[in-house]
Amino acid sequence: MTGAPGPGAAVVHGPAVHGPAVQATAELEIAVQDAAGARAAAAGGAARVELCTALRMGGLTPSQGTMEAVLESAGRAGFVHALVRSRGGGYVYSAEEVDTMCREIRLLKAAGVHGVVVGALTPGRTIDLAALERWVEAADGLPVTFHRALDACADPLGQLDRLAGRGVGRVLTSGGAVRSIDGLAVLAAMASNGPDGVQIMAGGGVRIQDIGALVAAGVDAVHLSAREPFVDQHPAGPGGGAQELDATSLDLVEQARRAIHAR
C-alpha cells in the first residue's frame, strides 16, 4: 500500500510526462510503485522504470490496474518494465509458483508492458535455467532482465556466463554485495568479461554519491528507487498497517541523472 504522497514527497501529477532522454555513459533505471512514481522518473530523465509493488520487501509483481495506469500515464516506448515475483523470501520456487509467474508474464504482456524482470535459483544456489526458460518463453519476445537473485548465488560472477544465449538482455546486480558500491570490483569484472549481449546494471542500496564510481566501473546502467519517506496523516485503523510510506522523488531522480552525466 503506497498511500497518498506527503508533503516531503516530490512527485509529479497530471498527464503523461516525457522527460529528457538520457544520453550518457550509462542509463538510469528507477524502481517505482505507481503512476506518480513513473511520471517522476520520466520527468527526471530516467531511461526506464522497473514497476513493482512492496519495494520495502524487495518488490513484488504489480497489479494489473497499476500497470495499466502507469502505461497510460508515462508509457513511452520501452519505458515500463515489470517485476515478476509472486512472493517475498528466497528465490527457489515450486513448479506451481513458476507457473503462476508465467501467467503473470502473459497478463503483463497483454496489458502492453515493455519488458519483464525475473529471477530464480536452485537449492544449490545456481541459476534455475529451467524456470528461466519458461519465463522467457512466456515473455514471447519481450526484453527480459534477470534480477538480483544473481547476488544470492554462491558465485555471481561465474553464474553470469550461464545467462548467455538464454534470452536475457540485462542483469540487475550488486556484484554479490549488500550494496553495489561494495561490490565494485565484481561489477567491473562483470562489465569487462560478461557474456555478449547482456547488459550489466548496477543496483542495490545505490546512493547518489555512489553513481560516479559505478559508472566508472563500466556498467551499462544504474538502478535505484530514488524514494523519500513520509507519514500518511490519515488514520489506518487497527488493520491498515504502518503509516510510514515512501514516494518517488523527482529531485533524487534528477540528481541521479546529473551524476551519470557528470561522468
# chains A, B, ... in the order shown; residues from 1 in each chain; ligands from 1
call {"tool": "residues_around", "arguments": {"residues": "Gln255 in chain A", "least_positions_apart": "4", "cutoff": "12 Å", "atoms": "only C-alpha atoms", "output": "JSON, numbers by chain"}}
result
{"A": [28, 41, 44, 45, 46, 207, 208, 209, 210, 211, 212, 224, 226, 249, 250, 251, 259, 260, 261, 262]}
call {"tool": "select_by_dssp", "arguments": {"residues": "range 13-153 of chain A", "states": "strand (DSSP E or B)", "output": "JSON, numbers by chain"}}
result
{"A": [27, 28, 29, 30, 31, 32, 48, 49, 50, 51, 53, 60, 80, 81, 82, 83, 115, 116, 117, 118, 121, 127, 144, 145, 146]}
call {"tool": "closest_atom_pairs", "arguments": {"of": "range 45-89 of chain A", "to": "range 145-166 of chain A", "cutoff": "10 Å", "atoms": "only C-alpha atoms", "output": "tab-separated table"}}
result
residue	atom	partner	partner_atom	distance
A:Glu50	CA	A:Thr145	CA	10.0
A:Gly58	CA	A:Arg148	CA	9.7
A:His81	CA	A:Thr145	CA	8.7
A:Ala82	CA	A:Thr145	CA	9.6
A:Leu83	CA	A:His147	CA	8.6
A:Val84	CA	A:His147	CA	9.8
call {"tool": "write_last_selection", "arguments": {"atoms": "N, CA and C atoms", "output": "PDB file, in the first residue's frame"}}
result
ATOM      1  N   GLU A  50      11.420   0.213 -13.478  1.00  0.00           N
ATOM      2  CA  GLU A  50      11.017  -1.133 -13.081  1.00  0.00           C
ATOM      3  C   GLU A  50       9.811  -0.940 -12.178  1.00  0.00           C
ATOM      4  N   GLY A  58      11.514  -5.840  -1.058  1.00  0.00           N
ATOM      5  CA  GLY A  58      12.284  -6.256  -2.219  1.00  0.00           C
ATOM      6  C   GLY A  58      11.531  -6.199  -3.520  1.00  0.00           C
ATOM      7  N   HIS A  81       9.085  -1.564 -17.497  1.00  0.00           N
ATOM      8  CA  HIS A  81       9.425  -2.970 -17.292  1.00  0.00           C
ATOM      9  C   HIS A  81       8.853  -3.392 -15.939  1.00  0.00           C
ATOM     10  N   ALA A  82       8.255  -4.558 -15.893  1.00  0.00           N
ATOM     11  CA  ALA A  82       7.557  -5.001 -14.681  1.00  0.00           C
ATOM     12  C   ALA A  82       8.304  -6.129 -13.987  1.00  0.00           C
ATOM     13  N   LEU A  83       8.440  -6.004 -12.677  1.00  0.00           N
ATOM     14  CA  LEU A  83       8.979  -7.103 -11.880  1.00  0.00           C
ATOM     15  C   LEU A  83       7.943  -8.211 -11.804  1.00  0.00           C
ATOM     16  N   VAL A  84       8.383  -9.448 -11.967  1.00  0.00           N
ATOM     17  CA  VAL A  84       7.508 -10.606 -11.816  1.00  0.00           C
ATOM     18  C   VAL A  84       8.070 -11.452 -10.677  1.00  0.00           C
TER      19      VAL A  84
END
call {"tool": "residues_around", "arguments": {"residues": "Cys52 in chain A", "least_positions_apart": "2", "cutoff": "6 Å", "atoms": "only C-alpha atoms", "output": "JSON list (two decimals) with C-alpha atoms, in the first residue's frame"}}
result
[["chain", "number", "residue", "atom", "x", "y", "z"],
["A", 33, "GLN", "CA", 5.43, 1.58, -7.34],
["A", 59, "GLY", "CA", 9.42, -5.82, -4.67],
["A", 60, "LEU", "CA", 6.54, -7.95, -5.93],
["A", 61, "THR", "CA", 4.54, -8.15, -9.17],
["A", 62, "PRO", "CA", 2.43, -5.01, -9.70],
["A", 83, "LEU", "CA", 8.98, -7.10, -11.88]]
call {"tool": "closest_residue", "arguments": {"among": "A:Ala26, A:Val198, A:Ala138, A:Met101", "to": "Gly218 in chain A", "atoms": "only C-alpha atoms"}}
result
A:Ala26
call {"tool": "select_by_dssp", "arguments": {"residues": "range 102-229 of chain A", "states": "helix (DSSP H, G or I)", "output": "tab-separated table (two decimals) with C-alpha atoms, in the first residue's frame"}}
result
chain	number	residue	atom	x	y	z
A	102	CYS	CA	4.26	-17.50	-16.33
A	103	ARG	CA	0.62	-16.48	-16.09
A	104	GLU	CA	1.59	-13.09	-14.70
A	105	ILE	CA	4.07	-12.52	-17.54
A	106	ARG	CA	1.42	-13.31	-20.15
A	107	LEU	CA	-1.07	-10.94	-18.49
A	108	LEU	CA	1.53	-8.17	-18.29
A	109	LYS	CA	2.45	-8.66	-21.93
A	110	ALA	CA	-1.22	-8.48	-22.91
A	111	ALA	CA	-1.50	-5.21	-20.96
A	129	LEU	CA	17.65	-22.28	-16.02
A	130	ALA	CA	14.51	-24.39	-16.33
A	131	ALA	CA	12.36	-21.71	-14.66
A	132	LEU	CA	14.09	-19.00	-16.67
A	133	GLU	CA	13.39	-20.83	-19.94
A	134	ARG	CA	9.68	-20.97	-19.15
A	135	TRP	CA	9.53	-17.28	-18.28
A	136	VAL	CA	11.42	-16.24	-21.40
A	137	GLU	CA	9.02	-18.34	-23.45
A	138	ALA	CA	6.03	-16.68	-21.74
A	139	ALA	CA	7.55	-13.25	-22.44
A	148	ARG	CA	19.28	-9.67	-8.01
A	149	ALA	CA	18.63	-13.34	-7.47
A	150	LEU	CA	22.07	-13.48	-9.08
A	151	ASP	CA	23.52	-11.86	-5.95
A	152	ALA	CA	22.26	-14.76	-3.83
A	156	PRO	CA	27.62	-14.49	-9.03
A	157	LEU	CA	30.43	-13.82	-11.49
A	158	GLY	CA	30.67	-17.45	-12.50
A	159	GLN	CA	26.90	-17.83	-12.81
A	160	LEU	CA	26.62	-14.78	-15.05
A	161	ASP	CA	28.06	-16.68	-18.02
A	162	ARG	CA	25.22	-19.21	-17.79
A	163	LEU	CA	22.82	-16.50	-18.98
A	180	SER	CA	26.52	-2.21	-5.06
A	181	ILE	CA	29.28	0.19	-4.10
A	182	ASP	CA	30.78	-2.64	-2.01
A	183	GLY	CA	30.64	-5.00	-4.99
A	184	LEU	CA	32.53	-2.61	-7.26
A	185	ALA	CA	35.36	-4.99	-8.15
A	186	VAL	CA	32.96	-7.77	-9.14
A	187	LEU	CA	30.78	-5.32	-11.09
A	188	ALA	CA	33.85	-4.15	-13.00
A	189	ALA	CA	34.74	-7.78	-13.81
A	190	MET	CA	31.16	-8.42	-14.94
A	191	ALA	CA	31.23	-5.36	-17.17
A	192	SER	CA	34.55	-6.39	-18.70
A	193	ASN	CA	34.01	-10.14	-19.02
A	208	ILE	CA	23.71	9.47	-5.41
A	209	GLN	CA	27.34	9.73	-4.31
A	210	ASP	CA	27.97	6.13	-5.49
A	211	ILE	CA	26.92	6.66	-9.08
A	212	GLY	CA	30.17	8.10	-10.40
A	213	ALA	CA	32.19	5.11	-9.19
A	214	LEU	CA	29.63	2.64	-10.55
A	215	VAL	CA	29.68	4.25	-13.99
A	216	ALA	CA	33.48	4.36	-13.91
call {"tool": "residues_around", "arguments": {"residues": "His223 in chain A", "least_positions_apart": "5", "cutoff": "10 Å", "atoms": "only C-alpha atoms", "output": "list in words"}}
result
Glu27, Leu28, Glu29, Ile30, Ala31, Ala46, Arg48, Val49, Glu50, Leu172, Thr173, Ser174, Ser180, Met201, Ala202, Gly203, Gly204, Gly205, Val206, Ile211 and Ala256 of chain A
call {"tool": "residues_around", "arguments": {"residues": "Ala69 in chain A", "least_positions_apart": "2", "cutoff": "12 Å", "atoms": "only C-alpha atoms", "output": "PyMOL selection string"}}
result
chain A and resi 14-16+33-39+51+62-67+71-75+80+111-113
call {"tool": "write_last_selection", "arguments": {"atoms": "N, CA and C atoms", "output": "JSON list (two decimals), in the first residue's frame"}}
result
[["chain", "number", "residue", "atom", "x", "y", "z"],
["A", 14, "GLY", "N", -0.59, 14.60, -12.88],
["A", 14, "GLY", "CA", -1.17, 15.12, -14.11],
["A", 14, "GLY", "C", -0.95, 14.18, -15.27],
["A", 15, "PRO", "N", -1.09, 14.67, -16.49],
["A", 15, "PRO", "CA", -0.99, 13.83, -17.68],
["A", 15, "PRO", "C", 0.42, 13.32, -17.89],
["A", 16, "ALA", "N", 0.56, 12.48, -18.89],
["A", 16, "ALA", "CA", 1.85, 11.84, -19.16],
["A", 16, "ALA", "C", 2.95, 12.88, -19.31],
["A", 33, "GLN", "N", 6.55, 2.38, -7.84],
["A", 33, "GLN", "CA", 5.43, 1.58, -7.34],
["A", 33, "GLN", "C", 4.08, 2.02, -7.89],
["A", 34, "ASP", "N", 4.05, 3.15, -8.61],
["A", 34, "ASP", "CA", 2.76, 3.67, -9.05],
["A", 34, "ASP", "C", 2.96, 4.64, -10.21],
["A", 35, "ALA", "N", 1.82, 5.15, -10.72],
["A", 35, "ALA", "CA", 1.88, 6.06, -11.87],
["A", 35, "ALA", "C", 2.58, 7.36, -11.52],
["A", 36, "ALA", "N", 2.36, 7.88, -10.31],
["A", 36, "ALA", "CA", 3.03, 9.12, -9.91],
["A", 36, "ALA", "C", 4.55, 8.93, -9.92],
["A", 37, "GLY", "N", 5.00, 7.77, -9.45],
["A", 37, "GLY", "CA", 6.44, 7.48, -9.45],
["A", 37, "GLY", "C", 6.98, 7.38, -10.86],
["A", 38, "ALA", "N", 6.22, 6.76, -11.76],
["A", 38, "ALA", "CA", 6.66, 6.65, -13.15],
["A", 38, "ALA", "C", 6.75, 8.01, -13.81],
["A", 39, "ARG", "N", 5.80, 8.91, -13.51],
["A", 39, "ARG", "CA", 5.87, 10.25, -14.07],
["A", 39, "ARG", "C", 7.08, 11.00, -13.55],
["A", 51, "LEU", "N", 8.65, -1.39, -12.63],
["A", 51, "LEU", "CA", 7.42, -1.23, -11.87],
["A", 51, "LEU", "C", 7.19, -2.45, -11.00],
["A", 62, "PRO", "N", 3.46, -6.05, -9.81],
["A", 62, "PRO", "CA", 2.43, -5.01, -9.70],
["A", 62, "PRO", "C", 1.07, -5.55, -10.14],
["A", 63, "SER", "N", 0.02, -4.90, -9.65],
["A", 63, "SER", "CA", -1.32, -5.29, -10.06],
["A", 63, "SER", "C", -1.59, -4.88, -11.50],
["A", 64, "GLN", "N", -2.60, -5.51, -12.09],
["A", 64, "GLN", "CA", -2.99, -5.17, -13.46],
["A", 64, "GLN", "C", -3.41, -3.71, -13.56],
["A", 65, "GLY", "N", -4.19, -3.25, -12.56],
["A", 65, "GLY", "CA", -4.64, -1.87, -12.58],
["A", 65, "GLY", "C", -3.49, -0.88, -12.51],
["A", 66, "THR", "N", -2.50, -1.17, -11.66],
["A", 66, "THR", "CA", -1.34, -0.30, -11.56],
["A", 66, "THR", "C", -0.58, -0.26, -12.87],
["A", 67, "MET", "N", -0.41, -1.43, -13.49],
["A", 67, "MET", "CA", 0.31, -1.49, -14.76],
["A", 67, "MET", "C", -0.41, -0.66, -15.82],
["A", 71, "LEU", "N", 1.15, 2.66, -17.74],
["A", 71, "LEU", "CA", 1.29, 2.69, -19.19],
["A", 71, "LEU", "C", 0.54, 3.87, -19.80],
["A", 72, "GLU", "N", -0.61, 4.21, -19.25],
["A", 72, "GLU", "CA", -1.37, 5.35, -19.74],
["A", 72, "GLU", "C", -0.70, 6.67, -19.37],
["A", 73, "SER", "N", -0.06, 6.69, -18.21],
["A", 73, "SER", "CA", 0.47, 7.95, -17.67],
["A", 73, "SER", "C", 1.86, 8.28, -18.17],
["A", 74, "ALA", "N", 2.71, 7.29, -18.27],
["A", 74, "ALA", "CA", 4.12, 7.56, -18.61],
["A", 74, "ALA", "C", 4.68, 6.44, -19.46],
["A", 75, "GLY", "N", 3.87, 5.94, -20.38],
["A", 75, "GLY", "CA", 4.23, 4.73, -21.09],
["A", 75, "GLY", "C", 4.91, 4.94, -22.42],
["A", 80, "VAL", "N", 8.49, 0.99, -19.61],
["A", 80, "VAL", "CA", 7.92, 0.32, -18.44],
["A", 80, "VAL", "C", 8.26, -1.17, -18.45],
["A", 111, "ALA", "N", -1.19, -6.58, -21.38],
["A", 111, "ALA", "CA", -1.50, -5.21, -20.96],
["A", 111, "ALA", "C", -0.64, -4.18, -21.67],
["A", 112, "GLY", "N", 0.46, -4.65, -22.30],
["A", 112, "GLY", "CA", 1.30, -3.75, -23.06],
["A", 112, "GLY", "C", 2.62, -3.40, -22.43],
["A", 113, "VAL", "N", 3.03, -4.13, -21.39],
["A", 113, "VAL", "CA", 4.30, -3.85, -20.74],
["A", 113, "VAL", "C", 5.45, -3.99, -21.74]]
call {"tool": "closest_residue", "arguments": {"among": "A:Arg56, A:Ala42, A:Val117, A:Gly124", "to": "Asp246 in chain A", "atoms": "only C-alpha atoms"}}
result
A:Arg56
call {"tool": "atom_distance", "arguments": {"atom1": "CA of Val144 in chain A", "atom2": "CA of Gln199 in chain A"}}
result
10.9 Å
call {"tool": "atom_distance", "arguments": {"atom1": "CA of Gly119 in chain A", "atom2": "CA of Arg85 in chain A"}}
result
8.1 Å
